[in-house]
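Student: The structure that follows is given in the form of structure tokens.
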Amino acid sequence: MSRSELAAVLSRLPKVDQVLADPVLADSGWRRTVIKRLVGKALTALRDRVRAGDQPQIPDATGLAASVRATLDDWSRPRPRPVVNATGVLLHTNLGRAVLSAAARKAMTDAAGPCDLEVELDSGRRGSRFTALQPLLRTVMQTEDAHVVNNNAAALLLACTVLGPPGGVVLSLGQMVEIGDGFRVTTMAGAGGCKVVGVGSTNRTHPKDYEAALRGEAPGCDGTAASAILWAHRSNFEQTGFVREVELPALAQLARTHQVPLIADLGSGSLGGNLPDTEPTIIEYLEQGADLVLCSGDKLMGGPQSGIIAGRADLVHRCRRHPMARALRPDKTTLAALHATVAAHAREGRRGLPLYEQFGASIDELRARAEAIAETMEWSAATSIVESRATIGGGSLPGDTVPSIALRVPSVRPSRDARRLRTGEPAVVGRIEGDALLLDLRTIDPGQDEALVVALRALVR
Ligand SMILES: *Cc1c(COP(=O)(O)O)cnc(C)c1O
């Protein structure tokens with residue numbers, strides 16, 4: 001394009017003031033500076049494309065105003081957006097892990113306003129945000145003391161920063177777990193300056209490997225004995241074959257002999273109930289001799305994103321008083337939801353905890369719901385209802401699955417239809433298995449069955 005042609009195209013771009021004056025923006029209720037920035041960015045992008053030799057459609061002022069308005073309308077919707085989890089993964093990390101109970105949701109909303117977070121209403125004196133939860137948490141976890149932080153990564157960071165230096169923590173190479181998004185146990189443990197001394201090998205680690213580090217003789221010790229033992233749960237993988245790990249009770253023995261604390265990063269802390277007993281409970285890990293256990297509040301505990309440091313009172317106290325604890329402390333809505341969740345664990349049947357209800361639903365219940373949906377959709381039950389396997393997910397119980405029932409969406413292009421369901425209203429996230437688009441009933445809240453039908457009707461229309 002010649003210079004003059006370029007200038008002619010650029011001159012057809014609408015003027016900022018024209019776009020701003022368009023009624024869809026003028027009456028939008030958004031601040032003028034915000035709108036102006038969006039308009040400016042859209043015009044710059046168009047200019048750049050024209051200069052680069054593209055031939056973009058040049059919108060008029062109304063057209064550009066409409067597209068900016070669409071962005072503003074999109075920003076007006078609550079985010080993250082609610083979705084129907086039809087994946088069959090109960091604790092789906094990317095879908096927000098644990099689904100909170102009705103009681104936890106209510107507690108969060110109530111605490112959103114003014115609340116007695118740090119005041120003793122009785123005396124009117126300043127209090128601690130943890131006072132109300134601690135006795136309940138200690139009782140349910142059967143532990144001397146417990147402290148709450150933002151997530152399990154924060155628990156790991158805090159415990160290792162407080163207890164690791166000067167010699168750092170010793171960790172088996174077989175437990176150097178990478179969790180989601182590229183984060184590793186070793187780097188999280190070391191982020192506060194604690195050295196992580198890896199010992200053993202990928203598949204086999206022996207007591208003598210730990211002993212060498214506890215005497216300061218392992219490679220990587222630089223002559224200083226390790227100050228704590230770290231044991232990390234292999235949350236998301238399994239090892240088979242020629243493997244050996246030192247079990248927790250034997251590590252506890254070593255820890256006592258060398259007078260160092262044993263920190264167990266459980267990732268997912270189970271409090272028992274009807275969940276698979278392949279995963280020991282937090283209480284069992286403490287009984288096996290862990291001085292501190294670290295766990296997440298939003299995995300098997302079924303609560304809000306949070307992390308718990310539980311165990312020996314003197315060690316928990318040191319964590320609580322470290323300056324870093326202030327940077328990792330949870331907010332009032334998290335504490336409120338966690339309180340409601342822990343209280344549910346203290347009650348018979350753990351009623352109201354969605355994770356437990358979803359996990360405990362019988363195949364007959366799931367099948368009946370699938371049949372009702374298939375009938376409404378006028379789908380043949382014979383072809384649209386299939387047996388499935390749900391997983392717990394969320395870095396817990398790798399390899400464990402639960403029998404389930406799924407709806408097989410009649411579809412000629414499953415991946416296109418999966419996308420249409422994800423971007424529909426309500427958004428439904430299913431799973432593709434082979435050439436089938438499956439919607440697993442076990443992870444769908446029964447209260448969402450009707451919304452699912454709305455989404456399916458929109459899909460087949
Ligand atoms: C999940 C997990 C973490 C991180 O927990 P967040 O609550 O996501 O921060 C750390 N360690 C292990 C072993 C885990 O499974």
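By order of appearance in the structure tokens: chains A, B, ..., then residues from 1 within every chain, and ligands from 1 in the order shown.
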Could you give me the residues within segment 112-237 of chain A that DSSP places in helix (DSSP H, G or I), as a PyMOL selection string?

Tutor: chain A and resi 112+134-141+152-163+173-175+180-182+185-190+207-214

Student: Next, the residues of the selection above should be written as a short mmCIF file (atom, residue, chain, number, x, y, z; two decimals), in the first residue's frame with N, CA and C atoms.

Tutor:
```cif
data_model
loop_
_atom_site.label_atom_id
_atom_site.label_comp_id
_atom_site.auth_asym_id
_atom_site.auth_seq_id
_atom_site.Cartn_x
_atom_site.Cartn_y
_atom_site.Cartn_z
N ALA A 112 -18.85 -11.60 55.37
CA ALA A 112 -18.43 -10.57 54.40
C ALA A 112 -18.69 -9.18 54.96
N GLN A 134 -9.79 -22.55 66.58
CA GLN A 134 -8.77 -23.48 67.08
C GLN A 134 -9.29 -24.64 67.92
N PRO A 135 -10.13 -24.41 68.93
CA PRO A 135 -10.55 -25.56 69.74
C PRO A 135 -11.28 -26.62 68.90
N LEU A 136 -12.10 -26.18 67.96
CA LEU A 136 -12.83 -27.11 67.10
C LEU A 136 -11.86 -27.89 66.21
N LEU A 137 -10.92 -27.16 65.62
CA LEU A 137 -9.95 -27.78 64.71
C LEU A 137 -9.08 -28.79 65.45
N ARG A 138 -8.61 -28.41 66.65
CA ARG A 138 -7.78 -29.32 67.44
C ARG A 138 -8.55 -30.58 67.80
N THR A 139 -9.82 -30.42 68.13
CA THR A 139 -10.62 -31.57 68.54
C THR A 139 -10.85 -32.51 67.36
N VAL A 140 -11.23 -31.95 66.21
CA VAL A 140 -11.53 -32.79 65.06
C VAL A 140 -10.26 -33.46 64.52
N MET A 141 -9.14 -32.73 64.55
CA MET A 141 -7.89 -33.30 64.03
C MET A 141 -7.14 -34.08 65.10
N ASN A 152 -1.98 -24.98 51.19
CA ASN A 152 -0.99 -25.94 51.65
C ASN A 152 0.42 -25.52 51.25
N ALA A 153 0.54 -24.85 50.11
CA ALA A 153 1.86 -24.36 49.70
C ALA A 153 2.38 -23.38 50.75
N ALA A 154 1.50 -22.54 51.28
CA ALA A 154 1.90 -21.60 52.33
C ALA A 154 2.29 -22.35 53.61
N ALA A 155 1.59 -23.43 53.90
CA ALA A 155 1.91 -24.24 55.09
C ALA A 155 3.31 -24.83 54.95
N LEU A 156 3.60 -25.32 53.75
CA LEU A 156 4.91 -25.91 53.48
C LEU A 156 6.02 -24.85 53.58
N LEU A 157 5.77 -23.72 52.96
CA LEU A 157 6.73 -22.61 52.99
C LEU A 157 7.00 -22.17 54.43
N LEU A 158 5.94 -21.99 55.19
CA LEU A 158 6.09 -21.48 56.56
C LEU A 158 6.80 -22.51 57.44
N ALA A 159 6.36 -23.76 57.40
CA ALA A 159 6.95 -24.78 58.28
C ALA A 159 8.43 -24.95 57.97
N CYS A 160 8.79 -24.98 56.68
CA CYS A 160 10.20 -25.19 56.32
C CYS A 160 11.04 -23.96 56.63
N THR A 161 10.47 -22.77 56.45
CA THR A 161 11.21 -21.54 56.76
C THR A 161 11.49 -21.45 58.26
N VAL A 162 10.51 -21.88 59.06
CA VAL A 162 10.65 -21.77 60.51
C VAL A 162 11.55 -22.88 61.06
N LEU A 163 11.36 -24.11 60.58
CA LEU A 163 12.04 -25.25 61.20
C LEU A 163 13.27 -25.74 60.44
N LEU A 173 14.61 -38.17 47.29
CA LEU A 173 14.48 -37.80 45.87
C LEU A 173 13.20 -38.38 45.28
N GLY A 174 12.72 -39.47 45.85
CA GLY A 174 11.48 -40.10 45.36
C GLY A 174 10.24 -39.31 45.72
N GLN A 175 10.39 -38.29 46.55
CA GLN A 175 9.22 -37.49 46.96
C GLN A 175 9.31 -36.06 46.45
N GLY A 180 0.56 -29.07 40.35
CA GLY A 180 0.08 -28.39 39.15
C GLY A 180 0.86 -27.13 38.80
N ASP A 181 0.81 -26.75 37.53
CA ASP A 181 1.33 -25.47 37.06
C ASP A 181 2.84 -25.33 37.28
N GLY A 182 3.54 -26.45 37.33
CA GLY A 182 4.99 -26.41 37.41
C GLY A 182 5.56 -26.15 38.80
N VAL A 185 7.47 -29.29 45.20
CA VAL A 185 7.59 -29.31 46.66
C VAL A 185 8.94 -28.72 47.09
N THR A 186 10.01 -29.09 46.36
CA THR A 186 11.34 -28.61 46.76
C THR A 186 11.44 -27.09 46.69
N THR A 187 10.92 -26.50 45.64
CA THR A 187 11.08 -25.05 45.50
C THR A 187 10.15 -24.29 46.44
N MET A 188 8.96 -24.86 46.69
CA MET A 188 8.06 -24.19 47.65
C MET A 188 8.65 -24.27 49.05
N ALA A 189 9.22 -25.44 49.40
CA ALA A 189 9.81 -25.61 50.73
C ALA A 189 11.01 -24.67 50.90
N GLY A 190 11.73 -24.42 49.78
CA GLY A 190 12.96 -23.64 49.87
C GLY A 190 12.78 -22.16 49.60
N PRO A 207 16.99 -45.67 55.14
CA PRO A 207 17.25 -44.91 56.37
C PRO A 207 18.66 -44.33 56.40
N LYS A 208 19.65 -45.07 55.88
CA LYS A 208 21.03 -44.57 55.95
C LYS A 208 21.21 -43.29 55.12
N ASP A 209 20.38 -43.12 54.09
CA ASP A 209 20.45 -41.87 53.31
C ASP A 209 20.05 -40.68 54.16
N TYR A 210 18.94 -40.85 54.90
CA TYR A 210 18.49 -39.77 55.80
C TYR A 210 19.54 -39.54 56.89
N GLU A 211 20.08 -40.66 57.43
CA GLU A 211 21.05 -40.53 58.53
C GLU A 211 22.27 -39.70 58.10
N ALA A 212 22.72 -39.94 56.88
CA ALA A 212 23.88 -39.19 56.39
C ALA A 212 23.59 -37.69 56.42
N ALA A 213 22.37 -37.32 55.98
CA ALA A 213 22.02 -35.89 55.97
C ALA A 213 21.88 -35.37 57.40
N LEU A 214 21.38 -36.19 58.29
CA LEU A 214 21.18 -35.74 59.68
C LEU A 214 22.51 -35.64 60.43
#
```

Student: Can you work out which residues are within 10 Å of ligand 1, considering only C-alpha atoms and all ligand atoms, and then hand them over as a VMD selection string?

Tutor: chain A and resid 93 97 149 to 157 175 to 180 183 to 186 188 to 189 231 to 236 264 to 269 294 to 299 304 to 308 394 to 397

Student: Convert the current residue selection to file output with C-alpha atoms, as a CSV table (one decimal), in the first residue's frame.

Tutor:
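So again21.csv came out as:
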```
chain,number,residue,atom,x,y,z
A,93,THR,CA,-8.3,-28.3,40.5
A,97,ARG,CA,-11.5,-28.0,43.8
A,149,VAL,CA,-2.7,-20.3,56.4
A,150,ASN,CA,-3.8,-19.5,52.8
A,151,ASN,CA,-3.1,-22.9,51.3
A,152,ASN,CA,-1.0,-25.9,51.7
A,153,ALA,CA,1.9,-24.4,49.7
A,154,ALA,CA,1.9,-21.6,52.3
A,155,ALA,CA,1.9,-24.2,55.1
A,156,LEU,CA,4.9,-25.9,53.5
A,157,LEU,CA,6.7,-22.6,53.0
A,175,GLN,CA,9.2,-37.5,47.0
A,176,MET,CA,10.3,-34.5,45.0
A,177,VAL,CA,6.8,-34.0,43.7
A,178,GLU,CA,5.8,-31.5,41.1
A,179,ILE,CA,2.1,-30.4,41.6
A,180,GLY,CA,0.1,-28.4,39.1
A,183,PHE,CA,5.2,-25.9,41.2
A,184,ARG,CA,7.5,-28.3,43.0
A,185,VAL,CA,7.6,-29.3,46.7
A,186,THR,CA,11.3,-28.6,46.8
A,188,MET,CA,8.1,-24.2,47.6
A,189,ALA,CA,9.8,-25.6,50.7
A,231,TRP,CA,8.1,-36.3,54.1
A,232,ALA,CA,6.0,-35.4,51.1
A,233,HIS,CA,2.9,-37.3,49.9
A,234,ARG,CA,3.1,-38.5,46.3
A,235,SER,CA,-0.2,-36.9,45.7
A,236,ASN,CA,-0.4,-37.3,42.0
A,264,ALA,CA,4.7,-34.5,56.7
A,265,ASP,CA,3.3,-32.6,53.7
A,266,LEU,CA,0.1,-34.6,53.1
A,267,GLY,CA,-1.3,-32.3,50.4
A,268,SER,CA,-4.7,-33.7,50.8
A,269,GLY,CA,-5.6,-34.2,54.4
A,294,LEU,CA,0.5,-30.0,56.5
A,295,CYS,CA,-2.6,-30.3,54.6
A,296,SER,CA,-5.0,-28.4,52.3
A,297,GLY,CA,-8.4,-27.3,53.4
A,298,ASP,CA,-9.9,-27.6,50.0
A,299,LYS,CA,-8.9,-31.1,48.9
A,304,PRO,CA,-12.3,-23.4,51.2
A,305,GLN,CA,-8.8,-22.9,49.8
A,306,SER,CA,-6.6,-22.9,52.9
A,307,GLY,CA,-3.7,-24.7,54.5
A,308,ILE,CA,-3.4,-26.2,57.9
A,394,GLY,CA,-7.2,-32.7,43.5
A,395,GLY,CA,-3.9,-34.4,44.1
A,396,SER,CA,-5.4,-37.1,46.2
A,397,LEU,CA,-5.6,-40.8,45.9
```

Student: Where does DSSP see strand (DSSP E or B) in segment 113-341 of chain A, if you list the residues as a ChimeraX atom specification?

Tutor: /A:119,126,145-149,169-172,178,184,196-199,204,228-232,244,262-268,270,281,292-296,307-311

Student: Fewer than 6 positions away in the same chain doesn't count, so skip those; otherwise give me all residues within 7 Å of segment 413-424 of chain A, counting only C-alpha atoms, as a VMD selection string.

Tutor: chain A and resid 430 435 to 437 455 459

Student: Deliver the residues from the most recent selection as a file, using C-alpha atoms, as a compact mmCIF listing (two decimals), in the first residue's frame.

Tutor:
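Now in result-v2.txt:
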```
# COMPACT_ATOMS: atom_id res chain seq x y z
CA GLY A 430 -17.84 -32.65 30.36
CA ASP A 435 -15.13 -40.64 20.56
CA ALA A 436 -17.81 -39.97 23.16
CA LEU A 437 -18.80 -36.82 24.99
CA ALA A 455 -27.78 -26.45 28.42
CA LEU A 459 -27.00 -27.74 22.33
```

Student: Show me a table, sorted first by chain and then by increasing residue number, of the residues of segment 273-292 of chain A having an atom at most 10 Å from segment 359-369 of chain A, each with its shortest atom pair and the distance in Å to one decimal, counting only C-alpha atoms and written as CSV.

Tutor:
```
residue,atom,partner,partner_atom,distance
A:Asn274,CA,A:Gly360,CA,6.9
A:Leu275,CA,A:Phe359,CA,7.1
A:Pro276,CA,A:Phe359,CA,9.3
```

Student: Which polymer residues have any atom within 9 Å of an atom of Arg204 of chain A, counting only C-alpha atoms, with same-chain residues fewer than 4 positions away left out, as a list in words?

Tutor: Ser172, Leu173, Gly174, Gly200, Phe242, Val243, Arg244, Glu245 and Val246 of chain A

Student: Create the file for the chosen residues now, containing C-alpha atoms and written as a tab-separated table (two decimals), in the first residue's frame.

Tutor:
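Output saved as out.tsv:
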```tsv
chain	number	residue	atom	x	y	z
A	172	SER	CA	13.85	-38.25	49.60
A	173	LEU	CA	14.48	-37.80	45.87
A	174	GLY	CA	11.48	-40.10	45.36
A	200	GLY	CA	18.49	-41.44	48.07
A	242	PHE	CA	12.05	-51.84	42.33
A	243	VAL	CA	11.07	-49.17	44.81
A	244	ARG	CA	11.64	-48.43	48.46
A	245	GLU	CA	10.72	-45.51	50.64
A	246	VAL	CA	11.30	-45.16	54.36
```

Student: Have a look at A:Leu248, A:Ala70, A:Ala406, A:Ala61 and name the one nearest to Ala374 of chain A; count only C-alpha atoms.

Tutor: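 The closest residue to Ala374 of chain A is A:Ala406.
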
Student: Atom CA of Leu286 of chain A and atom CA of Gly311 of chain A are how many Å apart?

Tutor: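 That distance, rounded to one decimal, is 7.0 Å.
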
Student: So which one's closest to Arg318 of chain A, A:Leu46, A:Leu20, A:Leu292, A:Val409? Using only C-alpha atoms, please.

Tutor: A:Leu292

Student: Can you list, as a list in words, every protein, DNA or RNA residue that comes within 6 Å of Ile392 of chain A when you count only C-alpha atoms, leaving out same-chain residues fewer than 2 positions away?

Tutor: Val89, Leu90 and Leu91 of chain A

Student: Could those selected residues go to a file with N, CA and C atoms, as a PDB file, in the first residue's frame?

Tutor:
```pdb
ATOM      1  N   VAL A  89     -14.451 -35.730  37.802  1.00  0.00           N
ATOM      2  CA  VAL A  89     -13.345 -35.513  38.747  1.00  0.00           C
ATOM      3  C   VAL A  89     -13.918 -34.708  39.914  1.00  0.00           C
ATOM      4  N   LEU A  90     -13.985 -35.358  41.075  1.00  0.00           N
ATOM      5  CA  LEU A  90     -14.684 -34.731  42.202  1.00  0.00           C
ATOM      6  C   LEU A  90     -14.001 -33.448  42.661  1.00  0.00           C
ATOM      7  N   LEU A  91     -12.680 -33.529  42.858  1.00  0.00           N
ATOM      8  CA  LEU A  91     -11.940 -32.324  43.260  1.00  0.00           C
ATOM      9  C   LEU A  91     -11.159 -31.856  42.043  1.00  0.00           C
TER      10      LEU A  91
END
```
